[in-house]
Amino acid sequence: MADVIDPSTGVLLTRVPGMGLAETDAAIDRAQRAFDGWRNVAPGDRARLLRRFATVVDEHLDELADLEVRNAGHTVGNARWEAGNVRDVLNYYAGAPERLSGRQIPVAGGIDVTFHEPLGVVGIIVPWNFPMPIAGWGFVPALAAGNTVVLKPAELTPLTAIRLGELALEAGLPPDVFQVLPGKGSVVGQRFVTHPAVRKICFTGSTEVGKSIMAGASDQVKRVTLELGGKSANIVFADADLDKAAAATPASVFDNAGQDCCARSRLLVQESVYDKFLSMLEPAVQAFRVEEPSGDTAEMGPLISAGHRATVASYVEDADVAFTGTAPDGDGWWFPPTVLLARSTGDRHWREEVFGPVLSVLPFRDEQDAIRLANDTSYGLSGSLWTRDLGRALRVSRAVETGALSVNSHSSVRYWTPFGGMKQSGLGRELGPDALLSFTDVKNVFINTDS
Ligand code: TAP
């Protein structure tokens with residue numbers, strides 16, 4: 001049994017039984033048995049079932065959002081967006097089954113055709129920071145491509161995933177096609193790695209665990225998609241619209257209390273506007289509303305757990321604090337938005353993923369210096385740059401080694417565009433038009449037409 005706690009109050013919400021090894025094996029066996037039936041559901045019918053699932057999620061949007069506010073401390077605005085994202089991803093990939101076509105390739109003496117075959121059982125391992133969207137980015141394309149799915153939510157945040165599993169059945173998905181298996185990563189998640197019937201793992205979480213999953217998966221040449229950590233840069237050039245850049249910066253790193261692999265947690269400001277920009281940023285950070293997350297005005301809620309709050313606090317001890325925002329006192333795992341001045345690129349808060357509402361700031365000289373500093377990390381997930389110079393925007397976009405970048409904006413995620421990391425931020429891409437194919441293998445068939 002795992003305690004499920006409301007991070008905004010520290011109060012126990014419920015207890016959820018964790019699956020052991022035998023139950024995990026039984027669920028994987030059921031998923032394997034369900035595979036043949038699911039892959040053979042006519043494309044139009046599979047599409048209709050996914051659309052119906054989207055409708056049922058939409059009908060339960062407020063309920064799902066409320067669960068996430070209480071279980072993960074997400075602001076209600078974010079939580080509604082997250083439930084809506086599951087619905088949208090379902091609708092988007094519901095268009096896939098009838099479009100999952102192979103090729104006909106010209107050959108002598110016959111015809112040659114390719115098929116995108118589903119893999120079998122796909123295991124999805126989800127972290128606690130975005131329980132709904134990250135689950136959906138894995139299970140939806142996997143199902144659309146004809147795979148069956150076993151999904152392990154994070155122990156801290158299992159409630160919305162469990163509810164989505166129930167809603168799938170309500171929408172008419174056949175039993176065992178999509179199963180949610182709460183439990184420990186070291187038990188349920190690890191079994192996905194070692195069980196031969198699980199043909200692919202989609203993992204989102206820490207780089208350390210991601211590496212161990214990749215190493216374990218090599219034993220069975222198991223496919224993996226990895227979405228790992230980030231330490232993304234927000235680069236502000238002197239020619240940028242500084243008002244807009246300063247106004248947008250707090251949400252770029254403090255949204256979801258900084259517990260976001262795309263958080264722009266390193267701010268690089270051109271030295272000629274460094275002091276001016278920080279003086280513009282300070283009131284924007286102080287105005288960022290850290291409040292009880294169920295209120296409509298909340299822009300940021302608490303951190304996920306007491307242990308995580310202690311980890312985040314350890315980055316601020318002994319650091320140069322430029323200024324902070326405010327956070328509620330009292331129970332719950334609250335932490336104020338905090339802006340730190342990096343003394344050098346060797347500072348721990350500059351180098352490591354804090355995964356909390358902590359922004360590190362450093363000045364840069366010129367374009368080359370900005371690119372060098374932005375790339376001086378083993379991560380490469382996301383990032384932003386602010387400039388009015390179109391040529392520079394393109395040059396810097398191409399030079400910064402990240403999987404997703406935004407110019408004069410902080411957006412990273414649209415369900416119809418690819419998302420994923422370079423370097424040690426990950427492997428493969430989720431979302432967008434191509435993600436579906438990563439849940440299939442290509443089969444090539446030659447048919448001899450000689451008489
Ligand atoms: P992880 O330990 O990586 O947990 C992520 C998921 O993997 C959870 O469901 C976890 O299960 C599971 N897991 C853990 N060990 C496993 C194993 N040996 N085999 C299979 N699955 C396993 O992350 P965390 O401890 O929650 O967070 C630690 C740090 O990772 C954060 O501070 C942050 O820096 C980073 N992080 C990054 C992301 C993204 S989006 N890139 C998301 C979360 C965390 P349990 O429920 O048992 O833990």
# chains A, B, ... in the order shown; residues from 1 in each chain; ligands from 1
$ residues_near_ligand --ligand "ligand 1" --cutoff "9 Å" --atoms "only C-alpha atoms and all ligand atoms" --output "NGL selection string"
:A and (124-130 or 134 or 152-158 or 182-193 or 203-210 or 212-213 or 226-230 or 259-262 or 308 or 311-312 or 352-356 or 425-426)
$ residues_around --residues "A:Leu437" --least-positions-apart "6" --cutoff "9 Å" --atoms "only C-alpha atoms" --output "PyMOL selection string"
chain A and resi 100+116+118+141+145
$ residues_around --residues "A:Arg266" --least-positions-apart "3" --cutoff "7 Å" --atoms "only C-alpha atoms" --output "PyMOL selection string"
chain A and resi 231-234+350+359-361
$ closest_residue --among "A:Ile28, A:Glu401, A:Glu82, A:Gly432" --to "A:Arg414" --atoms "only C-alpha atoms"
A:Gly432
$ residues_around --residues "stretch 97-99 of chain A" --least-positions-apart "3" --cutoff "10 Å" --atoms "only C-alpha atoms" --output "list in words"
Val41, Ala42, Pro43, Gly44, Asp45, Arg46, Ala47, Arg48, Leu50, Tyr93, Ala94, Gly102, Pro141, Leu143, Ala144, Ala145, Gly146 and Leu436 of chain A
$ closest_residue --among "A:Ala171, A:Ala2, A:Ala306, A:Val321" --to "A:Val16" --atoms "only C-alpha atoms"
A:Ala2
$ closest_residue --among "A:Val339, A:Asp219, A:Gln368, A:His410" --to "A:Ala247" --atoms "only C-alpha atoms"
A:His410
$ select_by_dssp --residues "stretch 29-138 of chain A" --states "strand (DSSP E)" --output "list in words"
Gln104, Ile105, Gly110, Ile111, Asp112, Val113, Thr114, Phe115, His116, Glu117, Pro118, Val121, Val122, Gly123, Ile124 and Ile125 of chain A
$ residues_around --residues "stretch 173-178 of chain A" --least-positions-apart "3" --cutoff "10 Å" --atoms "only C-alpha atoms" --output "PyMOL selection string"
chain A and resi 27-35+37-39+46+49-50+52-53+121-122+139-140+142-143+146-151+164-170+181
$ closest_residue --among "A:Thr114, A:Ser305, A:Thr75, A:Thr14" --to "A:Lys443" --atoms "only C-alpha atoms"
A:Thr114
$ residues_around --residues "A:Thr326" --least-positions-apart "3" --cutoff "10 Å" --atoms "only C-alpha atoms" --output "list in words"
Val285, Gln286, Ala287, Phe288, Arg289, Val290, Glu291, Asp329, Trp334, Phe335, Pro336, Pro337 and Thr338 of chain A
$ write_last_selection --atoms "N, CA, C and O atoms" --output "compact mmCIF listing (two decimals), in the first residue's frame"
# COMPACT_ATOMS: atom_id res chain seq x y z
N VAL A 285 8.43 38.36 -10.92
CA VAL A 285 8.55 37.17 -10.06
C VAL A 285 7.72 37.38 -8.79
O VAL A 285 7.02 36.48 -8.32
N GLN A 286 7.79 38.62 -8.25
CA GLN A 286 7.04 38.86 -7.00
C GLN A 286 5.53 38.83 -7.22
O GLN A 286 4.77 38.53 -6.31
N ALA A 287 5.12 39.10 -8.45
CA ALA A 287 3.67 39.08 -8.75
C ALA A 287 3.16 37.68 -9.09
O ALA A 287 1.96 37.47 -9.24
N PHE A 288 4.09 36.72 -9.24
CA PHE A 288 3.67 35.36 -9.63
C PHE A 288 2.88 34.75 -8.47
O PHE A 288 3.38 34.67 -7.34
N ARG A 289 1.67 34.30 -8.75
CA ARG A 289 0.74 33.95 -7.67
C ARG A 289 0.91 32.49 -7.26
O ARG A 289 0.50 31.58 -7.97
N VAL A 290 1.53 32.32 -6.09
CA VAL A 290 1.71 30.97 -5.52
C VAL A 290 0.63 30.81 -4.47
O VAL A 290 0.67 31.45 -3.42
N GLU A 291 -0.35 29.99 -4.79
CA GLU A 291 -1.57 29.95 -3.96
C GLU A 291 -2.09 28.53 -3.88
O GLU A 291 -1.68 27.66 -4.64
N ASP A 329 2.41 30.14 3.93
CA ASP A 329 3.03 29.50 5.10
C ASP A 329 2.22 28.27 5.44
O ASP A 329 1.17 28.03 4.88
N TRP A 334 5.34 23.90 0.33
CA TRP A 334 5.45 25.15 -0.42
C TRP A 334 6.89 25.62 -0.53
O TRP A 334 7.69 25.43 0.39
N PHE A 335 7.20 26.25 -1.64
CA PHE A 335 8.54 26.83 -1.84
C PHE A 335 8.38 28.05 -2.74
O PHE A 335 7.73 27.97 -3.78
N PRO A 336 8.97 29.20 -2.36
CA PRO A 336 8.75 30.41 -3.18
C PRO A 336 9.58 30.38 -4.46
O PRO A 336 10.68 29.82 -4.47
N PRO A 337 9.10 31.02 -5.52
CA PRO A 337 9.92 31.22 -6.71
C PRO A 337 11.20 31.94 -6.30
O PRO A 337 11.15 32.92 -5.56
N THR A 338 12.32 31.42 -6.77
CA THR A 338 13.63 31.91 -6.31
C THR A 338 14.55 32.14 -7.49
O THR A 338 14.68 31.27 -8.35
$ closest_residue --among "A:Gly136, A:Pro328, A:Gly123, A:Gly172" --to "A:Thr24" --atoms "only C-alpha atoms"
A:Gly123
$ atom_distance --atom1 "atom CA of A:Asp450" --atom2 "atom CA of A:Gln104"
17.5 Å
